[in-house]
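Trainee: Please find one structure pasted underneath; my questions will follow.
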Amino acid sequence: MRFTIEGYAFTIPDRHQPGDVLSEIEAHALNSFRVRNIQIQMLRKVRQAISQSSGQILSPEELASLQSQIAKYAESYQFSLPTRQNAITPLELEIEIVAKEMADKQARLKDWTSPGADPATIEQFKSLPVVQIEARRRLEDSKSLPL
């Protein structure tokens, strides 16, 4: 499998093949990855429900409806191989990293015991010009490093 770090390409062999038995830690990591994918896929639906809710707070009925929809989606969820269409670009990845760093820093400045920013705040940070400028700067800096 090929991946990049700071603009450098690396290749490592895949560790798992179809039919492999997973350790407890590997199963936990795979389940966590699945939950994160489902969370990302359902974010728009939850945001839409919140924006349409009276008072911007979900009622128990609205929350139960969302829980049912998410559970149904999770039942049929299947991992898929990345395609060119949904593959993340190096810039998008760097924007995600910078947004998380800045949002986490802000959350900790407000409350030093905070574990960091929530996903919605990170999403908001991704559109800030300062985040996009810093992400581009980091990408350019990584290109100037010797191979």
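Ligands are numbered from 1 in the order shown, chains are lettered A, B, ... in the order of the structure tokens, and residues start at 1 in each chain.
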Can you list, as a PDB file with C-alpha atoms, in the first residue's frame, all residues belonging to chain A that DSSP tags as helix (DSSP H, G or I)?
Mentor:
```
ATOM      1  CA  GLU A  24      -8.733  -7.713  19.548  1.00  0.00           C
ATOM      2  CA  ILE A  25      -6.784  -4.514  18.833  1.00  0.00           C
ATOM      3  CA  GLU A  26      -7.138  -4.887  15.052  1.00  0.00           C
ATOM      4  CA  ALA A  27     -10.883  -5.482  15.391  1.00  0.00           C
ATOM      5  CA  HIS A  28     -11.163  -2.384  17.588  1.00  0.00           C
ATOM      6  CA  ALA A  29      -9.235  -0.282  15.045  1.00  0.00           C
ATOM      7  CA  LEU A  30     -11.368  -1.545  12.168  1.00  0.00           C
ATOM      8  CA  ASN A  31     -14.594  -0.924  14.107  1.00  0.00           C
ATOM      9  CA  SER A  32     -13.407   2.592  15.005  1.00  0.00           C
ATOM     10  CA  PHE A  33     -12.640   3.292  11.346  1.00  0.00           C
ATOM     11  CA  ARG A  34     -16.118   2.027  10.379  1.00  0.00           C
ATOM     12  CA  VAL A  35     -17.782   4.260  12.978  1.00  0.00           C
ATOM     13  CA  ARG A  36     -15.802   7.293  11.765  1.00  0.00           C
ATOM     14  CA  ASN A  37     -16.859   6.617   8.163  1.00  0.00           C
ATOM     15  CA  ILE A  38     -20.514   6.306   9.195  1.00  0.00           C
ATOM     16  CA  GLN A  39     -20.215   9.466  11.292  1.00  0.00           C
ATOM     17  CA  ILE A  40     -18.877  11.388   8.285  1.00  0.00           C
ATOM     18  CA  GLN A  41     -21.577  10.007   5.978  1.00  0.00           C
ATOM     19  CA  MET A  42     -24.410  10.890   8.373  1.00  0.00           C
ATOM     20  CA  LEU A  43     -23.146  14.359   9.398  1.00  0.00           C
ATOM     21  CA  ARG A  44     -25.170  16.196   6.748  1.00  0.00           C
ATOM     22  CA  LYS A  45     -28.386  14.393   7.733  1.00  0.00           C
ATOM     23  CA  VAL A  46     -27.934  15.291  11.422  1.00  0.00           C
ATOM     24  CA  ARG A  47     -27.039  18.916  10.646  1.00  0.00           C
ATOM     25  CA  GLN A  48     -30.117  19.171   8.438  1.00  0.00           C
ATOM     26  CA  ALA A  49     -32.334  17.796  11.211  1.00  0.00           C
ATOM     27  CA  ILE A  50     -30.866  20.274  13.716  1.00  0.00           C
ATOM     28  CA  SER A  51     -31.399  23.226  11.378  1.00  0.00           C
ATOM     29  CA  GLN A  52     -35.034  22.181  10.796  1.00  0.00           C
ATOM     30  CA  SER A  54     -37.543  24.156  16.502  1.00  0.00           C
ATOM     31  CA  GLY A  55     -35.083  25.841  18.815  1.00  0.00           C
ATOM     32  CA  GLN A  56     -32.116  24.149  17.108  1.00  0.00           C
ATOM     33  CA  PRO A  60     -36.520  12.977  21.767  1.00  0.00           C
ATOM     34  CA  GLU A  61     -38.669  11.930  18.782  1.00  0.00           C
ATOM     35  CA  GLU A  62     -36.309  13.572  16.259  1.00  0.00           C
ATOM     36  CA  LEU A  63     -33.318  12.005  17.972  1.00  0.00           C
ATOM     37  CA  ALA A  64     -34.993   8.573  17.932  1.00  0.00           C
ATOM     38  CA  SER A  65     -35.760   8.988  14.213  1.00  0.00           C
ATOM     39  CA  LEU A  66     -32.119   9.874  13.472  1.00  0.00           C
ATOM     40  CA  GLN A  67     -30.919   6.947  15.592  1.00  0.00           C
ATOM     41  CA  SER A  68     -33.136   4.629  13.572  1.00  0.00           C
ATOM     42  CA  GLN A  69     -31.872   6.036  10.247  1.00  0.00           C
ATOM     43  CA  ILE A  70     -28.238   5.779  11.335  1.00  0.00           C
ATOM     44  CA  ALA A  71     -28.720   2.220  12.625  1.00  0.00           C
ATOM     45  CA  LYS A  72     -30.316   1.236   9.316  1.00  0.00           C
ATOM     46  CA  TYR A  73     -27.445   2.805   7.372  1.00  0.00           C
ATOM     47  CA  ALA A  74     -24.890   1.074   9.622  1.00  0.00           C
ATOM     48  CA  GLU A  75     -26.542  -2.322   9.042  1.00  0.00           C
ATOM     49  CA  SER A  76     -25.904  -2.123   5.327  1.00  0.00           C
ATOM     50  CA  PRO A  90      -2.923  16.250  -0.404  1.00  0.00           C
ATOM     51  CA  LEU A  91      -4.303  19.781   0.050  1.00  0.00           C
ATOM     52  CA  GLU A  92      -7.590  18.498   1.518  1.00  0.00           C
ATOM     53  CA  LEU A  93      -5.652  16.305   3.923  1.00  0.00           C
ATOM     54  CA  GLU A  94      -3.417  19.189   4.985  1.00  0.00           C
ATOM     55  CA  ILE A  95      -6.464  21.457   5.465  1.00  0.00           C
ATOM     56  CA  GLU A  96      -7.994  18.757   7.712  1.00  0.00           C
ATOM     57  CA  ILE A  97      -4.781  18.529   9.770  1.00  0.00           C
ATOM     58  CA  VAL A  98      -4.372  22.309  10.143  1.00  0.00           C
ATOM     59  CA  ALA A  99      -8.063  22.821  10.980  1.00  0.00           C
ATOM     60  CA  LYS A 100      -7.894  20.140  13.685  1.00  0.00           C
ATOM     61  CA  GLU A 101      -4.713  21.605  15.166  1.00  0.00           C
ATOM     62  CA  MET A 102      -6.121  25.155  15.277  1.00  0.00           C
ATOM     63  CA  ALA A 103      -9.563  24.125  16.543  1.00  0.00           C
ATOM     64  CA  ASP A 104      -8.005  21.936  19.246  1.00  0.00           C
ATOM     65  CA  LYS A 105      -5.721  24.781  20.311  1.00  0.00           C
ATOM     66  CA  GLN A 106      -8.670  27.163  20.583  1.00  0.00           C
ATOM     67  CA  ALA A 107     -10.679  24.628  22.607  1.00  0.00           C
ATOM     68  CA  ARG A 108      -7.776  24.140  25.022  1.00  0.00           C
ATOM     69  CA  LEU A 109      -7.256  27.898  25.401  1.00  0.00           C
ATOM     70  CA  LYS A 110     -10.886  28.174  26.515  1.00  0.00           C
ATOM     71  CA  PRO A 119     -15.947  17.490  14.611  1.00  0.00           C
ATOM     72  CA  ALA A 120     -18.420  20.284  13.780  1.00  0.00           C
ATOM     73  CA  THR A 121     -15.975  22.958  14.947  1.00  0.00           C
ATOM     74  CA  ILE A 122     -13.174  21.359  12.934  1.00  0.00           C
ATOM     75  CA  GLU A 123     -15.437  21.450   9.859  1.00  0.00           C
ATOM     76  CA  GLN A 124     -16.013  25.176  10.423  1.00  0.00           C
ATOM     77  CA  PHE A 125     -12.281  25.810  10.755  1.00  0.00           C
ATOM     78  CA  LYS A 126     -11.613  24.091   7.413  1.00  0.00           C
ATOM     79  CA  PRO A 129      -8.727  31.513   5.051  1.00  0.00           C
ATOM     80  CA  VAL A 130      -5.986  31.274   7.694  1.00  0.00           C
ATOM     81  CA  VAL A 131      -6.354  27.469   7.714  1.00  0.00           C
ATOM     82  CA  GLN A 132      -6.258  27.202   3.938  1.00  0.00           C
ATOM     83  CA  ILE A 133      -3.256  29.540   3.671  1.00  0.00           C
ATOM     84  CA  GLU A 134      -1.327  27.560   6.299  1.00  0.00           C
ATOM     85  CA  ALA A 135      -2.180  24.257   4.604  1.00  0.00           C
ATOM     86  CA  ARG A 136      -0.921  25.544   1.260  1.00  0.00           C
ATOM     87  CA  ARG A 137       2.239  26.898   2.909  1.00  0.00           C
ATOM     88  CA  ARG A 138       2.955  23.518   4.488  1.00  0.00           C
ATOM     89  CA  LEU A 139       2.448  21.732   1.174  1.00  0.00           C
ATOM     90  CA  GLU A 140       4.793  24.130  -0.583  1.00  0.00           C
ATOM     91  CA  ASP A 141       7.380  23.711   2.189  1.00  0.00           C
ATOM     92  CA  SER A 142       7.195  19.930   1.875  1.00  0.00           C
ATOM     93  CA  LYS A 143       7.809  20.169  -1.881  1.00  0.00           C
TER      94      LYS A 143
END
```
Trainee: Would you give me, as a PyMOL selection string, the residues in region 1-146 of chain A that DSSP reads as strand (DSSP E)?
Mentor: chain A and resi 2-5+8-11
Trainee: Residues near His16 (chain A), anyone? I mean within 12 Å using only C-alpha atoms, not counting same-chain ones fewer than 3 positions away, as an mmCIF file with N, CA and C atoms, in the first residue's frame.
Mentor:
```
data_model
loop_
_atom_site.group_PDB
_atom_site.id
_atom_site.type_symbol
_atom_site.label_atom_id
_atom_site.label_comp_id
_atom_site.auth_asym_id
_atom_site.auth_seq_id
_atom_site.Cartn_x
_atom_site.Cartn_y
_atom_site.Cartn_z
ATOM 1 N N MET A 1 0.852 -1.171 0.000
ATOM 2 C CA MET A 1 0.000 0.000 0.000
ATOM 3 C C MET A 1 0.895 1.230 0.000
ATOM 4 N N ILE A 12 4.359 0.116 1.816
ATOM 5 C CA ILE A 12 4.486 -1.023 2.732
ATOM 6 C C ILE A 12 3.534 -2.102 2.248
ATOM 7 N N PRO A 13 3.832 -3.354 2.536
ATOM 8 C CA PRO A 13 2.912 -4.421 2.109
ATOM 9 C C PRO A 13 1.639 -4.406 2.959
ATOM 10 N N GLY A 19 -10.275 -12.904 4.687
ATOM 11 C CA GLY A 19 -10.359 -14.161 5.427
ATOM 12 C C GLY A 19 -9.463 -14.228 6.648
ATOM 13 N N ASP A 20 -8.579 -13.238 6.839
ATOM 14 C CA ASP A 20 -7.708 -13.229 8.012
ATOM 15 C C ASP A 20 -8.527 -13.115 9.299
ATOM 16 N N VAL A 21 -7.989 -13.660 10.376
ATOM 17 C CA VAL A 21 -8.579 -13.500 11.699
ATOM 18 C C VAL A 21 -7.907 -12.284 12.337
ATOM 19 N N LEU A 22 -8.725 -11.404 12.941
ATOM 20 C CA LEU A 22 -8.198 -10.179 13.530
ATOM 21 C C LEU A 22 -7.950 -10.351 15.022
ATOM 22 N N SER A 23 -6.917 -9.672 15.511
ATOM 23 C CA SER A 23 -6.692 -9.620 16.952
ATOM 24 C C SER A 23 -7.716 -8.657 17.559
ATOM 25 N N GLU A 26 -6.839 -5.120 16.472
ATOM 26 C CA GLU A 26 -7.138 -4.887 15.052
ATOM 27 C C GLU A 26 -8.645 -4.745 14.830
ATOM 28 N N ALA A 27 -9.427 -5.569 15.513
ATOM 29 C CA ALA A 27 -10.883 -5.482 15.391
ATOM 30 C C ALA A 27 -11.373 -4.132 15.914
ATOM 31 N N LEU A 30 -10.487 -1.446 13.329
ATOM 32 C CA LEU A 30 -11.368 -1.545 12.168
ATOM 33 C C LEU A 30 -12.775 -1.043 12.501
#
```
